[in-house]
file start.pdb (PDB, C-alpha atoms)
ATOM      1  CA  MET Q  27      88.426  29.010 -44.690
ATOM      2  CA  SER Q  28      85.908  30.594 -42.335
ATOM      3  CA  ALA Q  29      82.787  28.845 -41.085
ATOM      4  CA  ASP Q  30      80.783  30.809 -43.676
ATOM      5  CA  HIS Q  31      83.021  29.574 -46.485
ATOM      6  CA  PRO Q  32      83.393  25.850 -45.947
ATOM      7  CA  PRO Q  33      85.873  24.002 -48.186
ATOM      8  CA  GLY Q  34      84.335  22.860 -51.459
ATOM      9  CA  LEU Q  35      81.675  25.589 -51.520
ATOM     10  CA  ASP Q  36      82.618  28.837 -53.314
ATOM     11  CA  LEU Q  37      79.670  31.048 -52.372
ATOM     12  CA  ASP Q  38      80.493  33.854 -54.804
ATOM     13  CA  ARG Q  39      80.645  31.533 -57.801
ATOM     14  CA  LEU Q  40      77.556  29.701 -56.628
ATOM     15  CA  ARG Q  41      75.658  32.986 -56.242
ATOM     16  CA  GLY Q  42      76.663  34.006 -59.770
ATOM     17  CA  LEU Q  43      75.377  30.718 -61.162
ATOM     18  CA  LEU Q  44      72.075  30.870 -59.232
ATOM     19  CA  ASP Q  45      71.448  34.481 -60.286
ATOM     20  CA  HIS Q  46      72.089  33.507 -63.892
ATOM     21  CA  GLU Q  47      70.102  30.244 -63.938
ATOM     22  CA  ARG Q  48      67.334  31.106 -61.413
ATOM     23  CA  PRO Q  49      67.014  34.913 -61.386
ATOM     24  CA  GLY Q  50      65.260  36.206 -58.271
ATOM     25  CA  LEU Q  51      65.717  32.973 -56.310
ATOM     26  CA  VAL Q  52      68.366  34.404 -53.946
ATOM     27  CA  ASN Q  53      67.436  37.631 -52.141
ATOM     28  CA  GLY Q  54      70.326  38.298 -49.784
ATOM     29  CA  PRO Q  55      73.967  37.452 -49.081
ATOM     30  CA  LEU Q  56      74.533  33.688 -49.135
ATOM     31  CA  THR Q  57      75.928  31.792 -46.172
ATOM     32  CA  GLY Q  58      76.793  28.105 -46.201
ATOM     33  CA  ARG Q  59      77.812  25.431 -43.722
ATOM     34  CA  LEU Q  60      78.775  21.794 -44.046
ATOM     35  CA  ILE Q  61      75.993  19.571 -42.671
ATOM     36  CA  GLU Q  62      77.753  16.293 -43.193
ATOM     37  CA  GLY Q  63      80.642  14.910 -45.124
ATOM     38  CA  GLY Q  64      83.280  12.250 -45.015
ATOM     39  CA  ARG Q  65      83.588   9.129 -47.093
ATOM     40  CA  SER Q  66      80.287   9.882 -48.779
ATOM     41  CA  ASN Q  67      79.150  12.954 -50.708
ATOM     42  CA  LEU Q  68      79.321  16.362 -49.023
ATOM     43  CA  THR Q  69      76.099  18.120 -48.011
ATOM     44  CA  TYR Q  70      75.899  21.857 -47.262
ATOM     45  CA  ALA Q  71      73.085  24.021 -45.929
ATOM     46  CA  LEU Q  72      72.754  27.291 -47.836
ATOM     47  CA  SER Q  73      70.755  30.376 -46.836
ATOM     48  CA  ASP Q  74      70.106  33.948 -47.954
ATOM     49  CA  GLY Q  75      68.588  34.830 -44.581
ATOM     50  CA  THR Q  76      65.015  33.939 -45.547
ATOM     51  CA  SER Q  77      65.142  30.864 -47.811
ATOM     52  CA  LYS Q  78      67.215  27.716 -47.331
ATOM     53  CA  TRP Q  79      68.644  25.216 -49.800
ATOM     54  CA  VAL Q  80      70.951  22.223 -49.789
ATOM     55  CA  VAL Q  81      74.000  21.663 -51.991
ATOM     56  CA  ARG Q  82      75.306  18.133 -52.678
ATOM     57  CA  ARG Q  83      78.723  17.503 -54.190
ATOM     58  CA  PRO Q  84      81.327  14.694 -54.270
ATOM     59  CA  PRO Q  85      84.014  14.563 -51.559
ATOM     60  CA  LEU Q  86      87.027  16.841 -52.045
ATOM     61  CA  GLY Q  87      89.707  15.131 -54.071
ATOM     62  CA  HIS Q  88      87.606  12.102 -55.042
ATOM     63  CA  VAL Q  89      85.764  13.591 -57.969
ATOM     64  CA  LEU Q  90      86.132  10.869 -60.589
ATOM     65  CA  ALA Q  91      84.423   8.055 -58.769
ATOM     66  CA  THR Q  92      81.360  10.016 -57.724
ATOM     67  CA  ALA Q  93      80.872  12.676 -60.407
ATOM     68  CA  HIS Q  94      78.236  10.379 -61.868
ATOM     69  CA  ASP Q  95      76.292  10.277 -58.574
ATOM     70  CA  MET Q  96      75.293  13.925 -58.752
ATOM     71  CA  LYS Q  97      73.526  13.557 -62.060
ATOM     72  CA  ARG Q  98      71.833  10.322 -60.908
ATOM     73  CA  GLU Q  99      70.691  11.809 -57.585
ATOM     74  CA  HIS Q 100      69.376  14.949 -59.248
ATOM     75  CA  ARG Q 101      67.669  12.901 -61.950
ATOM     76  CA  VAL Q 102      65.861  10.596 -59.543
ATOM     77  CA  ILE Q 103      64.578  13.354 -57.230
ATOM     78  CA  SER Q 104      63.490  15.391 -60.281
ATOM     79  CA  ALA Q 105      61.564  12.370 -61.589
ATOM     80  CA  LEU Q 106      59.987  11.573 -58.214
ATOM     81  CA  HIS Q 107      59.136  15.108 -57.097
ATOM     82  CA  PRO Q 108      55.793  15.229 -59.000
ATOM     83  CA  THR Q 109      54.758  11.838 -57.512
ATOM     84  CA  ASP Q 110      53.533  10.966 -53.998
ATOM     85  CA  VAL Q 111      57.082  10.041 -52.963
ATOM     86  CA  PRO Q 112      58.424  12.731 -50.608
ATOM     87  CA  VAL Q 113      61.680  14.163 -51.968
ATOM     88  CA  PRO Q 114      63.143  17.674 -51.807
ATOM     89  CA  ARG Q 115      62.271  19.997 -54.698
ATOM     90  CA  PRO Q 116      65.263  20.102 -57.077
ATOM     91  CA  VAL Q 117      66.587  23.568 -57.980
ATOM     92  CA  LEU Q 118      69.409  22.895 -60.450
ATOM     93  CA  LEU Q 119      72.161  20.510 -61.543
ATOM     94  CA  CYS Q 120      75.566  21.934 -62.478
ATOM     95  CA  GLU Q 121      77.961  19.681 -64.364
ATOM     96  CA  ASP Q 122      80.430  22.513 -64.996
ATOM     97  CA  GLU Q 123      83.366  21.783 -62.681
ATOM     98  CA  GLU Q 124      84.575  25.409 -62.948
ATOM     99  CA  VAL Q 125      81.987  26.545 -60.387
ATOM    100  CA  LEU Q 126      82.782  24.367 -57.335
ATOM    101  CA  GLY Q 127      85.519  22.087 -58.655
ATOM    102  CA  ALA Q 128      83.108  19.171 -59.150
ATOM    103  CA  PRO Q 129      79.582  18.522 -60.432
ATOM    104  CA  PHE Q 130      76.898  19.380 -57.857
ATOM    105  CA  TYR Q 131      73.217  20.000 -57.482
ATOM    106  CA  VAL Q 132      71.014  22.300 -55.404
ATOM    107  CA  MET Q 133      67.652  21.366 -53.862
ATOM    108  CA  GLU Q 134      65.260  22.962 -51.408
ATOM    109  CA  PHE Q 135      65.959  22.525 -47.702
ATOM    110  CA  VAL Q 136      63.388  20.308 -45.957
ATOM    111  CA  GLU Q 137      62.737  20.604 -42.212
ATOM    112  CA  GLY Q 138      62.876  17.284 -40.389
ATOM    113  CA  THR Q 139      65.020  14.939 -38.311
ATOM    114  CA  PRO Q 140      67.060  11.931 -39.450
ATOM    115  CA  TYR Q 141      66.929   9.558 -36.467
ATOM    116  CA  ARG Q 142      70.102   7.515 -36.167
ATOM    117  CA  THR Q 143      70.074   6.207 -32.592
ATOM    118  CA  ALA Q 144      67.649   4.791 -30.054
ATOM    119  CA  GLN Q 145      68.606   7.697 -27.752
ATOM    120  CA  GLN Q 146      67.431  10.223 -30.350
ATOM    121  CA  LEU Q 147      64.102   8.406 -30.684
ATOM    122  CA  ALA Q 148      63.561   8.021 -26.927
ATOM    123  CA  PRO Q 149      61.973  11.494 -26.391
ATOM    124  CA  LEU Q 150      59.285  10.634 -28.984
ATOM    125  CA  GLY Q 151      58.019   7.782 -26.825
ATOM    126  CA  ALA Q 152      56.926   4.326 -27.948
ATOM    127  CA  GLU Q 153      53.757   5.278 -29.832
ATOM    128  CA  ARG Q 154      55.336   8.026 -31.951
ATOM    129  CA  THR Q 155      58.401   5.868 -32.638
ATOM    130  CA  ARG Q 156      56.119   3.106 -33.838
ATOM    131  CA  ASN Q 157      54.211   5.481 -36.134
ATOM    132  CA  ALA Q 158      57.410   6.903 -37.604
ATOM    133  CA  VAL Q 159      58.780   3.445 -38.455
ATOM    134  CA  LEU Q 160      55.469   2.272 -39.910
ATOM    135  CA  SER Q 161      55.365   5.386 -42.114
ATOM    136  CA  LEU Q 162      58.851   4.373 -43.283
ATOM    137  CA  VAL Q 163      57.299   1.153 -44.652
ATOM    138  CA  ASP Q 164      54.334   3.001 -46.194
ATOM    139  CA  THR Q 165      56.659   5.455 -47.939
ATOM    140  CA  LEU Q 166      58.742   2.572 -49.307
ATOM    141  CA  VAL Q 167      55.526   1.078 -50.741
ATOM    142  CA  GLU Q 168      54.806   4.469 -52.401
ATOM    143  CA  LEU Q 169      58.301   4.508 -53.928
ATOM    144  CA  HIS Q 170      58.011   0.970 -55.271
ATOM    145  CA  ALA Q 171      54.556   1.749 -56.720
ATOM    146  CA  VAL Q 172      55.992   4.379 -59.085
ATOM    147  CA  ASP Q 173      56.054   3.185 -62.706
ATOM    148  CA  PRO Q 174      59.643   3.961 -63.807
ATOM    149  CA  ALA Q 175      58.615   4.511 -67.447
ATOM    150  CA  GLU Q 176      55.886   6.987 -66.478
ATOM    151  CA  VAL Q 177      58.372   9.251 -64.660
ATOM    152  CA  GLY Q 178      61.100   9.001 -67.296
ATOM    153  CA  LEU Q 179      63.284   6.469 -65.464
ATOM    154  CA  ALA Q 180      62.850   3.497 -67.826
ATOM    155  CA  ASP Q 181      66.621   3.459 -68.507
ATOM    156  CA  PHE Q 182      67.754   4.289 -64.956
ATOM    157  CA  GLY Q 183      69.226   0.807 -64.402
ATOM    158  CA  ARG Q 184      69.506  -2.725 -65.793
ATOM    159  CA  PRO Q 185      66.993  -4.850 -63.886
ATOM    160  CA  GLU Q 186      67.813  -8.120 -65.732
ATOM    161  CA  GLY Q 187      70.175 -10.195 -63.626
ATOM    162  CA  PHE Q 188      70.123  -7.533 -60.904
ATOM    163  CA  LEU Q 189      70.552  -9.845 -57.883
ATOM    164  CA  ASP Q 190      73.288 -11.872 -59.540
ATOM    165  CA  ARG Q 191      75.225  -8.671 -60.377
ATOM    166  CA  GLN Q 192      74.722  -7.293 -56.868
ATOM    167  CA  LEU Q 193      76.071 -10.478 -55.323
ATOM    168  CA  ARG Q 194      79.102 -10.465 -57.620
ATOM    169  CA  ARG Q 195      79.726  -6.781 -56.984
ATOM    170  CA  TRP Q 196      79.745  -7.156 -53.193
ATOM    171  CA  GLY Q 197      81.891 -10.286 -53.498
ATOM    172  CA  LYS Q 198      84.487  -8.179 -55.375
ATOM    173  CA  GLN Q 199      84.230  -5.475 -52.702
ATOM    174  CA  LEU Q 200      84.963  -8.138 -50.082
ATOM    175  CA  ASP Q 201      88.042  -9.354 -51.969
ATOM    176  CA  ALA Q 202      89.306  -5.754 -52.143
ATOM    177  CA  SER Q 203      89.397  -5.435 -48.340
ATOM    178  CA  ARG Q 204      90.507  -8.876 -47.180
ATOM    179  CA  ASN Q 205      93.217  -8.720 -44.571
ATOM    180  CA  ARG Q 206      92.056 -11.228 -41.951
ATOM    181  CA  GLU Q 207      90.184 -14.492 -41.636
ATOM    182  CA  LEU Q 208      86.422 -13.976 -41.483
ATOM    183  CA  ALA Q 209      84.739 -17.239 -40.528
ATOM    184  CA  GLY Q 210      81.586 -17.922 -42.516
ATOM    185  CA  ILE Q 211      81.647 -15.004 -44.941
ATOM    186  CA  ASP Q 212      82.523 -17.079 -48.019
ATOM    187  CA  GLU Q 213      79.970 -19.663 -46.945
ATOM    188  CA  LEU Q 214      77.326 -16.915 -46.698
ATOM    189  CA  HIS Q 215      78.258 -15.518 -50.125
ATOM    190  CA  ALA Q 216      78.086 -18.985 -51.727
ATOM    191  CA  ALA Q 217      74.794 -19.877 -50.010
ATOM    192  CA  LEU Q 218      73.209 -16.622 -51.260
ATOM    193  CA  GLY Q 219      74.400 -17.468 -54.776
ATOM    194  CA  ARG Q 220      72.855 -20.942 -54.643
ATOM    195  CA  ALA Q 221      69.470 -19.646 -53.479
ATOM    196  CA  LEU Q 222      68.949 -16.596 -55.749
ATOM    197  CA  PRO Q 223      65.218 -15.786 -55.772
ATOM    198  CA  THR Q 224      63.292 -14.764 -58.890
ATOM    199  CA  SER Q 225      62.912 -10.989 -58.825
ATOM    200  CA  PRO Q 226      59.486  -9.339 -59.069
ATOM    201  CA  ALA Q 227      58.849  -6.607 -61.675
ATOM    202  CA  PRO Q 228      61.569  -3.947 -61.392
ATOM    203  CA  ALA Q 229      61.004  -0.751 -59.437
ATOM    204  CA  VAL Q 230      62.940   2.352 -58.474
ATOM    205  CA  VAL Q 231      65.178   1.055 -55.683
ATOM    206  CA  HIS Q 232      66.662   3.483 -53.138
ATOM    207  CA  GLY Q 233      69.555   1.195 -52.215
ATOM    208  CA  ASP Q 234      70.130   2.481 -48.674
ATOM    209  CA  TYR Q 235      66.635   2.841 -47.249
ATOM    210  CA  ARG Q 236      66.592   3.279 -43.465
ATOM    211  CA  LEU Q 237      65.375   5.656 -40.781
ATOM    212  CA  ASP Q 238      68.431   7.917 -40.801
ATOM    213  CA  ASN Q 239      68.138   8.488 -44.565
ATOM    214  CA  VAL Q 240      64.710  10.097 -44.252
ATOM    215  CA  LEU Q 241      63.597  13.333 -42.595
ATOM    216  CA  ILE Q 242      60.741  12.925 -40.111
ATOM    217  CA  GLY Q 243      58.590  15.968 -39.372
ATOM    218  CA  ASP Q 244      57.035  17.039 -36.072
ATOM    219  CA  ASP Q 245      53.886  15.143 -37.112
ATOM    220  CA  ASP Q 246      55.940  11.886 -37.360
ATOM    221  CA  GLN Q 247      55.402  11.799 -41.124
ATOM    222  CA  ILE Q 248      58.233  11.423 -43.624
ATOM    223  CA  LYS Q 249      58.990  14.798 -45.203
ATOM    224  CA  ALA Q 250      61.760  13.667 -47.549
ATOM    225  CA  ILE Q 251      63.830  10.631 -48.522
ATOM    226  CA  LEU Q 252      67.499  11.604 -48.824
ATOM    227  CA  ASP Q 253      70.767  10.017 -50.054
ATOM    228  CA  TRP Q 254      69.820   8.624 -53.442
ATOM    229  CA  GLU Q 255      73.419   7.846 -54.481
ATOM    230  CA  MET Q 256      72.789   4.064 -54.549
ATOM    231  CA  SER Q 257      69.454   4.299 -56.361
ATOM    232  CA  THR Q 258      68.752   2.336 -59.536
ATOM    233  CA  LEU Q 259      66.123   0.221 -61.270
ATOM    234  CA  GLY Q 260      66.112  -3.208 -59.742
ATOM    235  CA  ASP Q 261      64.545  -5.635 -57.320
ATOM    236  CA  PRO Q 262      62.376  -3.706 -54.812
ATOM    237  CA  LEU Q 263      62.711  -6.452 -52.200
ATOM    238  CA  THR Q 264      66.374  -5.497 -51.698
ATOM    239  CA  ASP Q 265      65.101  -2.274 -50.057
ATOM    240  CA  LEU Q 266      62.747  -4.297 -47.856
ATOM    241  CA  GLY Q 267      65.525  -6.719 -46.853
ATOM    242  CA  LEU Q 268      67.752  -3.822 -45.767
ATOM    243  CA  LEU Q 269      64.912  -2.252 -43.779
ATOM    244  CA  VAL Q 270      64.212  -5.587 -42.061
ATOM    245  CA  MET Q 271      67.920  -5.981 -41.262
ATOM    246  CA  TYR Q 272      68.055  -2.509 -39.680
ATOM    247  CA  SER Q 273      64.971  -3.316 -37.588
ATOM    248  CA  GLN Q 274      66.759  -6.106 -35.682
ATOM    249  CA  PRO Q 275      68.444  -4.929 -32.465
ATOM    250  CA  LEU Q 276      72.194  -5.601 -32.337
ATOM    251  CA  GLY Q 277      72.536  -5.016 -28.590
ATOM    252  CA  MET Q 278      75.603  -2.810 -29.081
ATOM    253  CA  PRO Q 279      74.754   0.635 -27.644
ATOM    254  CA  GLU Q 280      77.937   2.343 -28.908
ATOM    255  CA  SER Q 281      77.476   0.835 -32.371
ATOM    256  CA  PRO Q 282      78.688   2.963 -35.305
ATOM    257  CA  VAL Q 283      75.736   1.442 -37.193
ATOM    258  CA  SER Q 284      72.216   2.805 -36.646
ATOM    259  CA  THR Q 285      70.724   1.639 -33.318
ATOM    260  CA  THR Q 286      67.125   2.795 -33.905
ATOM    261  CA  ALA Q 287      65.831  -0.804 -33.671
ATOM    262  CA  GLU Q 288      66.573  -0.730 -29.911
ATOM    263  CA  ALA Q 289      64.104   2.130 -29.317
ATOM    264  CA  PRO Q 290      60.920   1.365 -27.298
ATOM    265  CA  GLY Q 291      57.940   1.047 -29.636
ATOM    266  CA  HIS Q 292      59.973   0.034 -32.702
ATOM    267  CA  PRO Q 293      57.849  -2.490 -34.657
ATOM    268  CA  SER Q 294      59.166  -6.036 -35.085
ATOM    269  CA  PRO Q 295      60.692  -7.143 -38.392
ATOM    270  CA  GLN Q 296      57.704  -9.445 -38.905
ATOM    271  CA  GLU Q 297      55.239  -6.579 -38.594
ATOM    272  CA  LEU Q 298      57.192  -4.491 -41.115
ATOM    273  CA  ILE Q 299      57.266  -7.397 -43.591
ATOM    274  CA  GLU Q 300      53.542  -8.035 -43.217
ATOM    275  CA  ARG Q 301      52.676  -4.360 -43.611
ATOM    276  CA  TYR Q 302      54.814  -4.071 -46.756
ATOM    277  CA  ALA Q 303      53.229  -7.239 -48.206
ATOM    278  CA  ALA Q 304      49.664  -6.096 -47.442
ATOM    279  CA  ARG Q 305      50.157  -2.611 -48.871
ATOM    280  CA  SER Q 306      52.281  -3.479 -51.912
ATOM    281  CA  GLY Q 307      50.581  -6.732 -52.892
ATOM    282  CA  ARG Q 308      54.027  -8.235 -53.511
ATOM    283  CA  ASP Q 309      55.026 -11.791 -52.701
ATOM    284  CA  VAL Q 310      57.501 -11.533 -49.817
ATOM    285  CA  SER Q 311      58.010 -15.263 -49.274
ATOM    286  CA  ALA Q 312      61.739 -14.940 -50.115
ATOM    287  CA  VAL Q 313      62.314 -12.046 -47.681
ATOM    288  CA  SER Q 314      64.791 -14.077 -45.622
ATOM    289  CA  TRP Q 315      67.119 -14.209 -48.675
ATOM    290  CA  TYR Q 316      66.939 -10.430 -49.096
ATOM    291  CA  THR Q 317      67.544  -9.874 -45.378
ATOM    292  CA  ALA Q 318      70.510 -12.267 -45.381
ATOM    293  CA  PHE Q 319      71.864 -10.425 -48.425
ATOM    294  CA  ALA Q 320      71.567  -7.146 -46.493
ATOM    295  CA  TRP Q 321      73.553  -8.649 -43.578
ATOM    296  CA  PHE Q 322      76.207  -9.795 -46.094
ATOM    297  CA  LYS Q 323      76.376  -6.412 -47.833
ATOM    298  CA  LEU Q 324      76.727  -4.570 -44.524
ATOM    299  CA  ALA Q 325      79.378  -7.032 -43.346
ATOM    300  CA  VAL Q 326      81.365  -6.237 -46.512
ATOM    301  CA  ILE Q 327      80.905  -2.465 -46.100
ATOM    302  CA  LEU Q 328      81.945  -2.614 -42.426
ATOM    303  CA  GLU Q 329      84.933  -4.806 -43.254
ATOM    304  CA  GLY Q 330      86.006  -2.194 -45.818
ATOM    305  CA  ILE Q 331      85.825   0.522 -43.154
ATOM    306  CA  HIS Q 332      87.682  -1.731 -40.688
ATOM    307  CA  TYR Q 333      90.349  -2.390 -43.339
ATOM    308  CA  ARG Q 334      90.860   1.353 -43.909
ATOM    309  CA  TYR Q 335      90.942   1.839 -40.142
ATOM    310  CA  THR Q 336      93.762  -0.739 -39.786
ATOM    311  CA  LEU Q 337      95.679   1.184 -42.477
ATOM    312  CA  GLY Q 338      95.206   4.396 -40.478
ATOM    313  CA  GLN Q 339      93.029   5.977 -43.167
ATOM    314  CA  THR Q 340      89.903   6.386 -41.057
ATOM    315  CA  VAL Q 341      89.613   8.503 -37.941
ATOM    316  CA  GLY Q 342      86.599   9.156 -35.743
ATOM    317  CA  ARG Q 343      84.515   7.741 -32.924
ATOM    318  CA  GLY Q 344      83.435   4.124 -33.109
ATOM    319  CA  PHE Q 345      85.725   3.044 -35.951
ATOM    320  CA  ASP Q 346      87.837   0.968 -33.569
ATOM    321  CA  ARG Q 347      84.775  -1.180 -32.831
ATOM    322  CA  ILE Q 348      83.633  -1.826 -36.383
ATOM    323  CA  GLY Q 349      85.919  -4.846 -36.743
ATOM    324  CA  GLU Q 350      84.138  -6.724 -33.956
ATOM    325  CA  LEU Q 351      80.730  -6.040 -35.532
ATOM    326  CA  VAL Q 352      81.552  -7.822 -38.787
ATOM    327  CA  PRO Q 353      81.352 -11.423 -37.423
ATOM    328  CA  VAL Q 354      77.994 -10.521 -35.812
ATOM    329  CA  PHE Q 355      76.626  -9.496 -39.221
ATOM    330  CA  ILE Q 356      77.965 -12.679 -40.853
ATOM    331  CA  ASP Q 357      76.308 -14.835 -38.145
ATOM    332  CA  HIS Q 358      72.994 -13.023 -38.562
ATOM    333  CA  GLY Q 359      73.193 -13.535 -42.331
ATOM    334  CA  LEU Q 360      73.843 -17.282 -42.030
ATOM    335  CA  THR Q 361      71.129 -17.740 -39.379
ATOM    336  CA  THR Q 362      68.590 -15.775 -41.438
ATOM    337  CA  LEU Q 363      69.250 -17.917 -44.514
ATOM    338  CA  GLN Q 364      69.088 -21.185 -42.574
ATOM    339  CA  GLU Q 365      66.033 -20.422 -40.473
ATOM    340  CA  GLY Q 366      64.149 -18.294 -43.007
TER
END
call {"tool": "encode", "arguments": {"input": "start.pdb", "output": "structure tokens"}}
result
Amino acid sequence: MSADHPPGLDLDRLRGLLDHERPGLVNGPLTGRLIEGGRSNLTYALSDGTSKWVVRRPPLGHVLATAHDMKREHRVISALHPTDVPVPRPVLLCEDEEVLGAPFYVMEFVEGTPYRTAQQLAPLGAERTRNAVLSLVDTLVELHAVDPAEVGLADFGRPEGFLDRQLRRWGKQLDASRNRELAGIDELHAALGRALPTSPAPAVVHGDYRLDNVLIGDDDQIKAILDWEMSTLGDPLTDLGLLVMYSQPLGMPESPVSTTAEAPGHPSPQELIERYAARSGRDVSAVSWYTAFAWFKLAVILEGIHYRYTLGQTVGRGFDRIGELVPVFIDHGLTTLQEG
């Protein structure tokens, strides 16, 4: 496979489909390159020399588990595109596995930067970093203000019992990757279960809302929210809790988890919470539960990666250090719940 023909992207078949479904869209020979891939879905940049698009498909060889994601992702960005929520313009969904070997969708390419580390943010300076993170909160408020029924997403999830199901689901995930003693994790899980808050009215929830899942333009505004694979209808405060969790510095510069909270100018968790509350009008008095839940969820995800690493199934920089991060996340979760 040459660089122009990355695995999982048959450009000739794709061109045939685009010419058939969207005549006149493509005006030159197509080239494609993998932007990112790995455990999650694969993302390719596509170009005909003048226009650019993005193709999203499940990982090679893991089609069954994530075939459903493509339809969900395409559905949610199609529903949100006419609203004030910044998402890429969808081009088409293809559920025919003959074309690329798996379901996939195509959307317009959006210019912008996903900031993942404090080092990447540093050149912006404190003031621009602050503005970018505050616009992250404002955009989340816009998302949660969308009426799901009005955009055709009334049946996009099951909001009743959402938090209880989430807690059970991540508890099962934890059991699936247990291979060492993790002090405090069962205590954290049980304490979250005892203190379940009452959810506000359901909203479209992104499920993984953080700085490196949005594209920031040169004007420090959010151009597009990406990575909708975890999205559903549920409790909007779960998105806020995750954002608050990611805005607390871990003090681990080589962390495989986003380090943007360490950047000069990054607003404090308290400021983000207050801004969300003021702009959304929602009661955020239980935010410590949602933040503790985010610490728990991330601890489980990281433990899963650590588990695969110990089995030799995960290669790459930083994976050897994930194991030592997990107890830090558990401690933060317990402290957040206790201190509020």
call {"tool": "closest_residue", "arguments": {"input": "start.pdb", "among": "Q:Arg115, Q:Arg347, Q:His358, Q:His292", "to": "Q:Leu324", "atoms": "all atoms listed in the file"}}
result
Q:His358
call {"tool": "residues_around", "arguments": {"input": "start.pdb", "residues": "Q:Gln364", "least_positions_apart": "6", "cutoff": "10 Å", "atoms": "all atoms listed in the file", "output": "PyMOL selection string"}}
result
chain Q and resi 217+314-315+318+358
call {"tool": "closest_atom_pairs", "arguments": {"input": "start.pdb", "of": "stretch 49-131 of chain Q", "to": "stretch 179-194 of chain Q", "cutoff": "9 Å", "atoms": "all atoms listed in the file", "output": "CSV"}}
result
residue,atom,partner,partner_atom,distance
Q:Arg98,CA,Q:Phe182,CA,8.3
Q:Arg101,CA,Q:Leu179,CA,8.5
Q:Val102,CA,Q:Leu179,CA,7.7
Q:Ala105,CA,Q:Leu179,CA,7.3
call {"tool": "residues_around", "arguments": {"input": "start.pdb", "residues": "Q:Pro275", "least_positions_apart": "4", "cutoff": "9 Å", "atoms": "only C-alpha atoms", "output": "list in words"}}
result
Met271, Thr285, Thr286, Ala287, Glu288 and Ala289 of chain Q
call {"tool": "closest_residue", "arguments": {"input": "start.pdb", "among": "Q:Glu137, Q:Asp309, Q:Asp265, Q:Glu213", "to": "Q:Ile242", "atoms": "all atoms listed in the file"}}
result
Q:Glu137
call {"tool": "residues_around", "arguments": {"input": "start.pdb", "residues": "Q:Pro226", "least_positions_apart": "5", "cutoff": "9 Å", "atoms": "only C-alpha atoms", "output": "list in words"}}
result
Asp261, Pro262, Leu263, Arg308 and Asp309 of chain Q
call {"tool": "atom_distance", "arguments": {"input": "start.pdb", "atom1": "atom CA of Q:Ser104", "atom2": "atom CA of Q:Val167"}}
result
19.0 Å
call {"tool": "resolve_selection", "arguments": {"input": "start.pdb", "expression": "the PyMOL selection byres ((chain Q and resi 269) around 12)", "output": "number ranges by chain"}}
result
Q: 159-160, 162-163, 166, 232-239, 262-268, 270-274, 284, 286-287, 293-299, 302, 313-314, 316-321
call {"tool": "residues_near_point", "arguments": {"input": "start.pdb", "point": "(66.2, -2.0, -56.6)", "cutoff": "6 Å", "atoms": "only C-alpha atoms", "output": "PyMOL selection string"}}
result
chain Q and resi 230-231+258-262
call {"tool": "write_last_selection", "arguments": {"input": "start.pdb", "atoms": "C-alpha atoms", "output": "short mmCIF file (atom, residue, chain, number, x, y, z; two decimals), in the coordinates of the input"}}
result
data_model
loop_
_atom_site.label_atom_id
_atom_site.label_comp_id
_atom_site.auth_asym_id
_atom_site.auth_seq_id
_atom_site.Cartn_x
_atom_site.Cartn_y
_atom_site.Cartn_z
CA VAL Q 230 62.94 2.35 -58.47
CA VAL Q 231 65.18 1.06 -55.68
CA THR Q 258 68.75 2.34 -59.54
CA LEU Q 259 66.12 0.22 -61.27
CA GLY Q 260 66.11 -3.21 -59.74
CA ASP Q 261 64.54 -5.64 -57.32
CA PRO Q 262 62.38 -3.71 -54.81
#
call {"tool": "atom_distance", "arguments": {"input": "start.pdb", "atom1": "atom CA of Q:Arg195", "atom2": "atom CA of Q:Arg142"}}
result
27.0 Å
call {"tool": "residues_near_point", "arguments": {"input": "start.pdb", "point": "(74.6, 26.4, -63.1)", "cutoff": "12 Å", "atoms": "only C-alpha atoms", "output": "short mmCIF file (atom, residue, chain, number, x, y, z; two decimals) with C-alpha atoms, keeping the file's coordinate frame"}}
result
data_model
loop_
_atom_site.label_atom_id
_atom_site.label_comp_id
_atom_site.auth_asym_id
_atom_site.auth_seq_id
_atom_site.Cartn_x
_atom_site.Cartn_y
_atom_site.Cartn_z
CA ARG Q 39 80.64 31.53 -57.80
CA LEU Q 40 77.56 29.70 -56.63
CA ARG Q 41 75.66 32.99 -56.24
CA GLY Q 42 76.66 34.01 -59.77
CA LEU Q 43 75.38 30.72 -61.16
CA LEU Q 44 72.08 30.87 -59.23
CA ASP Q 45 71.45 34.48 -60.29
CA HIS Q 46 72.09 33.51 -63.89
CA GLU Q 47 70.10 30.24 -63.94
CA ARG Q 48 67.33 31.11 -61.41
CA PRO Q 49 67.01 34.91 -61.39
CA VAL Q 117 66.59 23.57 -57.98
CA LEU Q 118 69.41 22.90 -60.45
CA LEU Q 119 72.16 20.51 -61.54
CA CYS Q 120 75.57 21.93 -62.48
CA GLU Q 121 77.96 19.68 -64.36
CA ASP Q 122 80.43 22.51 -65.00
CA GLU Q 123 83.37 21.78 -62.68
CA GLU Q 124 84.58 25.41 -62.95
CA VAL Q 125 81.99 26.54 -60.39
CA LEU Q 126 82.78 24.37 -57.34
CA ALA Q 128 83.11 19.17 -59.15
CA PRO Q 129 79.58 18.52 -60.43
CA PHE Q 130 76.90 19.38 -57.86
CA TYR Q 131 73.22 20.00 -57.48
CA VAL Q 132 71.01 22.30 -55.40
#
call {"tool": "resolve_selection", "arguments": {"input": "start.pdb", "expression": "the PyMOL selection byres ((chain Q and resi 200) around 10)", "output": "PyMOL selection string"}}
result
chain Q and resi 194-199+201-205+211-212+215+322-323+325-330
call {"tool": "decode", "arguments": {"input": "start.pdb", "residues": "stretch 355-361 of chain Q", "atoms": "C-alpha atoms", "output": "CSV table (one decimal), in the first residue's frame"}}
result
chain,number,residue,atom,x,y,z
Q,355,PHE,CA,-7.4,9.0,38.9
Q,356,ILE,CA,-9.0,6.8,41.7
Q,357,ASP,CA,-7.6,9.2,44.4
Q,358,HIS,CA,-8.9,12.3,42.6
Q,359,GLY,CA,-12.3,10.6,42.2
Q,360,LEU,CA,-12.5,9.7,45.9
Q,361,THR,CA,-11.3,13.2,47.0
